[in-house]
$ cat structure-v3.pdb   # PDB, N, CA and C atoms
ATOM      1  N   ALA A 132     -11.243  88.044   6.023
ATOM      2  CA  ALA A 132     -10.310  87.025   6.534
ATOM      3  C   ALA A 132      -9.915  87.356   7.970
ATOM      4  N   THR A 133      -9.682  88.653   8.237
ATOM      5  CA  THR A 133      -9.265  89.047   9.584
ATOM      6  C   THR A 133     -10.348  88.720  10.604
ATOM      7  N   ASP A 134     -11.611  88.953  10.224
ATOM      8  CA  ASP A 134     -12.714  88.676  11.147
ATOM      9  C   ASP A 134     -12.770  87.205  11.520
ATOM     10  N   SER A 135     -12.619  86.323  10.535
ATOM     11  CA  SER A 135     -12.725  84.899  10.835
ATOM     12  C   SER A 135     -11.539  84.442  11.685
ATOM     13  N   ILE A 136     -10.376  85.052  11.479
ATOM     14  CA  ILE A 136      -9.214  84.711  12.319
ATOM     15  C   ILE A 136      -9.478  85.137  13.754
ATOM     16  N   LYS A 137     -10.029  86.320  13.929
ATOM     17  CA  LYS A 137     -10.336  86.807  15.279
ATOM     18  C   LYS A 137     -11.393  85.919  15.935
ATOM     19  N   THR A 138     -12.398  85.525  15.155
ATOM     20  CA  THR A 138     -13.445  84.658  15.687
ATOM     21  C   THR A 138     -12.853  83.316  16.132
ATOM     22  N   ALA A 139     -11.984  82.742  15.315
ATOM     23  CA  ALA A 139     -11.352  81.474  15.670
ATOM     24  C   ALA A 139     -10.517  81.638  16.937
ATOM     25  N   HIS A 140      -9.821  82.761  17.046
ATOM     26  CA  HIS A 140      -9.005  83.012  18.241
ATOM     27  C   HIS A 140      -9.890  83.100  19.481
ATOM     28  N   ASP A 141     -10.986  83.835  19.383
ATOM     29  CA  ASP A 141     -11.919  83.956  20.507
ATOM     30  C   ASP A 141     -12.488  82.591  20.884
ATOM     31  N   TYR A 142     -12.795  81.790  19.849
ATOM     32  CA  TYR A 142     -13.375  80.467  20.081
ATOM     33  C   TYR A 142     -12.401  79.586  20.854
ATOM     34  N   TYR A 143     -11.137  79.561  20.405
ATOM     35  CA  TYR A 143     -10.148  78.730  21.094
ATOM     36  C   TYR A 143      -9.863  79.255  22.490
ATOM     37  N   GLU A 144      -9.916  80.588  22.643
ATOM     38  CA  GLU A 144      -9.688  81.159  23.960
ATOM     39  C   GLU A 144     -10.787  80.722  24.925
ATOM     40  N   SER A 145     -12.043  80.744  24.466
ATOM     41  CA  SER A 145     -13.145  80.340  25.333
ATOM     42  C   SER A 145     -13.079  78.840  25.614
ATOM     43  N   LEU A 146     -12.601  78.056  24.639
ATOM     44  CA  LEU A 146     -12.396  76.627  24.884
ATOM     45  C   LEU A 146     -11.369  76.428  25.990
ATOM     46  N   GLY A 147     -10.292  77.205  25.932
ATOM     47  CA  GLY A 147      -9.251  77.106  26.956
ATOM     48  C   GLY A 147      -9.808  77.438  28.327
ATOM     49  N   GLN A 148     -10.622  78.482  28.409
ATOM     50  CA  GLN A 148     -11.248  78.855  29.676
ATOM     51  C   GLN A 148     -12.131  77.728  30.186
ATOM     52  N   ALA A 149     -12.894  77.107  29.288
ATOM     53  CA  ALA A 149     -13.797  76.031  29.673
ATOM     54  C   ALA A 149     -13.004  74.845  30.220
ATOM     55  N   SER A 150     -11.880  74.507  29.578
ATOM     56  CA  SER A 150     -11.115  73.350  30.041
ATOM     57  C   SER A 150     -10.441  73.653  31.376
ATOM     58  N   LEU A 151     -10.034  74.920  31.581
ATOM     59  CA  LEU A 151      -9.477  75.291  32.884
ATOM     60  C   LEU A 151     -10.521  75.114  33.969
ATOM     61  N   THR A 152     -11.740  75.553  33.692
ATOM     62  CA  THR A 152     -12.825  75.431  34.664
ATOM     63  C   THR A 152     -13.106  73.959  34.952
ATOM     64  N   THR A 153     -13.139  73.136  33.901
ATOM     65  CA  THR A 153     -13.400  71.711  34.066
ATOM     66  C   THR A 153     -12.303  71.064  34.902
ATOM     67  N   ASN A 154     -11.052  71.452  34.644
ATOM     68  CA  ASN A 154      -9.940  70.891  35.412
ATOM     69  C   ASN A 154     -10.065  71.214  36.890
ATOM     70  N   SER A 155     -10.367  72.465  37.217
ATOM     71  CA  SER A 155     -10.457  72.836  38.631
ATOM     72  C   SER A 155     -11.658  72.167  39.281
ATOM     73  N   MET A 156     -12.745  72.022  38.530
ATOM     74  CA  MET A 156     -13.922  71.334  39.078
ATOM     75  C   MET A 156     -13.606  69.875  39.373
ATOM     76  N   SER A 157     -12.935  69.190  38.455
ATOM     77  CA  SER A 157     -12.641  67.779  38.675
ATOM     78  C   SER A 157     -11.608  67.605  39.787
ATOM     79  N   ASN A 158     -10.678  68.562  39.903
ATOM     80  CA  ASN A 158      -9.732  68.517  41.022
ATOM     81  C   ASN A 158     -10.465  68.637  42.350
ATOM     82  N   ARG A 159     -11.427  69.560  42.400
ATOM     83  CA  ARG A 159     -12.192  69.766  43.628
ATOM     84  C   ARG A 159     -13.000  68.511  43.946
ATOM     85  N   LEU A 160     -13.617  67.935  42.915
ATOM     86  CA  LEU A 160     -14.416  66.719  43.116
ATOM     87  C   LEU A 160     -13.557  65.585  43.648
ATOM     88  N   SER A 161     -12.385  65.384  43.056
ATOM     89  CA  SER A 161     -11.558  64.261  43.494
ATOM     90  C   SER A 161     -11.051  64.472  44.914
ATOM     91  N   SER A 162     -10.782  65.732  45.298
ATOM     92  CA  SER A 162     -10.345  65.960  46.683
ATOM     93  C   SER A 162     -11.494  65.726  47.654
ATOM     94  N   ILE A 163     -12.712  66.093  47.250
ATOM     95  CA  ILE A 163     -13.887  65.820  48.085
ATOM     96  C   ILE A 163     -14.076  64.314  48.238
ATOM     97  N   ILE A 164     -13.937  63.591  47.141
ATOM     98  CA  ILE A 164     -14.102  62.133  47.178
ATOM     99  C   ILE A 164     -13.051  61.498  48.093
ATOM    100  N   GLN A 165     -11.813  62.000  48.008
ATOM    101  CA  GLN A 165     -10.752  61.455  48.862
ATOM    102  C   GLN A 165     -11.046  61.723  50.333
ATOM    103  N   ASN A 166     -11.649  62.888  50.627
ATOM    104  CA  ASN A 166     -11.988  63.203  52.019
ATOM    105  C   ASN A 166     -13.098  62.300  52.538
ATOM    106  N   VAL A 167     -14.010  61.904  51.648
ATOM    107  CA  VAL A 167     -15.157  61.088  52.067
ATOM    108  C   VAL A 167     -14.745  59.637  52.305
ATOM    109  N   LYS A 168     -13.778  59.144  51.516
ATOM    110  CA  LYS A 168     -13.345  57.746  51.653
ATOM    111  C   LYS A 168     -12.852  57.457  53.064
ATOM    112  N   PRO A 169     -13.246  56.320  53.623
ATOM    113  CA  PRO A 169     -12.703  55.918  54.921
ATOM    114  C   PRO A 169     -11.218  55.601  54.796
ATOM    115  N   GLU A 170     -10.441  56.013  55.765
ATOM    116  CA  GLU A 170      -8.990  55.796  55.696
ATOM    117  C   GLU A 170      -8.643  54.358  56.072
TER     118      GLU A 170
END
$ encode --input "structure-v3.pdb" --output "structure tokens"
Amino acid sequence: ATDSIKTAHDYYESLGQASLTTNSMSNRLSSIIQNVKPE
């Protein structure tokens, strides 16, 4: 039981890391897009 709890914790932790990475990537993309748009 302890192993599966640890595995689930690791899984959710890696999911959290992935969503953080996705958030920063999309933030960077949107700022690039805003810079490209004509004012």
$ atom_distance --input "structure-v3.pdb" --atom1 "atom N of A:Gln165" --atom2 "atom C of A:Thr153"
15.9 Å
$ atom_distance --input "structure-v3.pdb" --atom1 "atom CA of A:Gly147" --atom2 "atom CA of A:Ser135"
18.2 Å
$ axis_aligned_box --input "structure-v3.pdb" --around "stretch 139-150 of chain A" --padding-each-side "4 Å" --output "AutoDock Vina command-line options"
--center_x -11.4 --center_y 78.7 --center_z 23.3 --size_x 12.8 --size_y 18.6 --size_z 24.1
$ atom_distance --input "structure-v3.pdb" --atom1 "atom CA of A:Lys137" --atom2 "atom CA of A:Ser155"
27.2 Å
